[in-house]
file entry_14.cif (mmCIF, C-alpha atoms)
data_model
loop_
_atom_site.label_atom_id
_atom_site.label_comp_id
_atom_site.auth_asym_id
_atom_site.auth_seq_id
_atom_site.Cartn_x
_atom_site.Cartn_y
_atom_site.Cartn_z
CA MET O 208 29.22 14.97 48.61
CA LEU O 209 30.37 11.88 46.76
CA VAL O 210 34.13 11.28 46.93
CA VAL O 211 35.56 8.89 44.33
CA ALA O 212 38.83 6.94 44.63
CA GLY O 213 40.52 4.13 42.80
CA ALA O 214 41.53 1.22 45.03
CA SER O 215 44.96 1.07 43.35
CA ASP O 216 45.71 4.79 43.59
CA PRO O 217 48.99 5.17 45.52
CA ALA O 218 48.57 8.93 46.09
CA MET O 219 44.86 9.71 46.44
CA GLY O 220 43.43 6.30 47.27
CA PRO O 221 40.72 5.35 49.74
CA ASP O 222 42.89 5.76 52.85
CA THR O 223 43.89 9.28 51.83
CA MET O 224 40.29 10.19 51.07
CA ARG O 225 39.19 8.89 54.48
CA SER O 226 41.83 10.94 56.27
CA THR O 227 41.17 14.14 54.31
CA TRP O 228 37.88 14.68 52.49
CA LEU O 229 35.80 12.47 54.77
CA GLN O 230 37.22 14.24 57.82
CA TRP O 231 36.55 17.67 56.36
CA TYR O 232 33.05 16.75 55.17
CA PRO O 233 31.55 14.29 57.68
CA ASN O 234 28.42 13.71 55.58
CA ALA O 235 30.41 12.78 52.48
CA GLU O 236 30.29 9.27 51.05
CA LEU O 237 33.24 7.41 49.57
CA ALA O 238 32.92 5.33 46.41
CA VAL O 239 35.91 3.07 45.79
CA PHE O 240 36.43 1.59 42.34
CA ASP O 241 38.22 -1.74 42.82
CA ASP O 242 39.50 -1.89 39.25
CA ALA O 243 40.85 1.67 39.02
CA GLY O 244 43.99 3.59 39.88
CA HIS O 245 44.72 7.30 40.06
CA PHE O 246 42.26 8.32 37.35
CA ALA O 247 39.28 6.38 38.69
CA PRO O 248 36.65 8.24 36.62
CA ASP O 249 38.63 7.63 33.42
CA GLY O 250 39.36 4.02 34.28
CA SER O 251 35.81 3.14 35.31
CA PRO O 252 33.45 5.53 33.53
CA GLN O 253 30.45 3.20 33.64
CA ALA O 254 30.88 2.57 37.37
CA LEU O 255 31.22 6.32 37.90
CA ALA O 256 28.02 7.06 36.00
CA THR O 257 26.14 4.35 37.90
CA GLY O 258 27.48 5.56 41.24
CA VAL O 259 26.59 9.18 40.55
CA GLU O 260 23.10 8.22 39.41
CA ARG O 261 22.57 6.19 42.58
CA PHE O 262 23.99 8.94 44.77
CA LEU O 263 21.78 11.58 43.19
CA GLY O 264 18.75 9.27 43.24
CA ARG O 265 18.86 8.75 47.00
CA GLY O 266 16.01 11.16 47.56
CA THR O 267 13.80 9.36 45.06
CA GLY O 268 14.02 5.92 46.62
CA GLN O 269 16.40 4.66 43.92
CA ALA O 270 19.49 4.77 46.10
CA GLY O 271 22.18 2.15 46.21
CA ARG O 272 25.69 2.14 47.54
CA THR O 273 27.34 -0.71 45.66
CA LEU O 274 29.49 0.37 42.72
#
call {"tool": "encode", "arguments": {"input": "entry_14.cif", "output": "structure tokens"}}
result
Amino acid sequence: MLVVAGASDPAMGPDTMRSTWLQWYPNAELAVFDDAGHFAPDGSPQALATGVERFLGRGTGQAGRTL
């Protein structure tokens, strides 16, 4: 599972994701968008698309973790 958070999100930011989703799903990965707030996918659509492509491409040798 890929969990996405905006670095500037005061409610559902990286710390919240680490203490909830990443605890519930230990194999999940967290992608943090440095230039996004609460609506990270809307604020950083290109970074989201790149991150999802990399996440899904892990099995094909195209993986990367930098967003």
call {"tool": "resolve_selection", "arguments": {"input": "entry_14.cif", "expression": "the PyMOL selection byres ((chain O and resi 231-245) around 7)", "output": "ChimeraX atom specification"}}
result
/O:208-216,219,221,227-230,246-247,250-251
call {"tool": "atom_distance", "arguments": {"input": "entry_14.cif", "atom1": "CA of Asp249 in chain O", "atom2": "CA of Met224 in chain O"}}
result
17.9 Å
call {"tool": "atom_distance", "arguments": {"input": "entry_14.cif", "atom1": "CA of Phe262 in chain O", "atom2": "CA of Ala218 in chain O"}}
result
24.6 Å
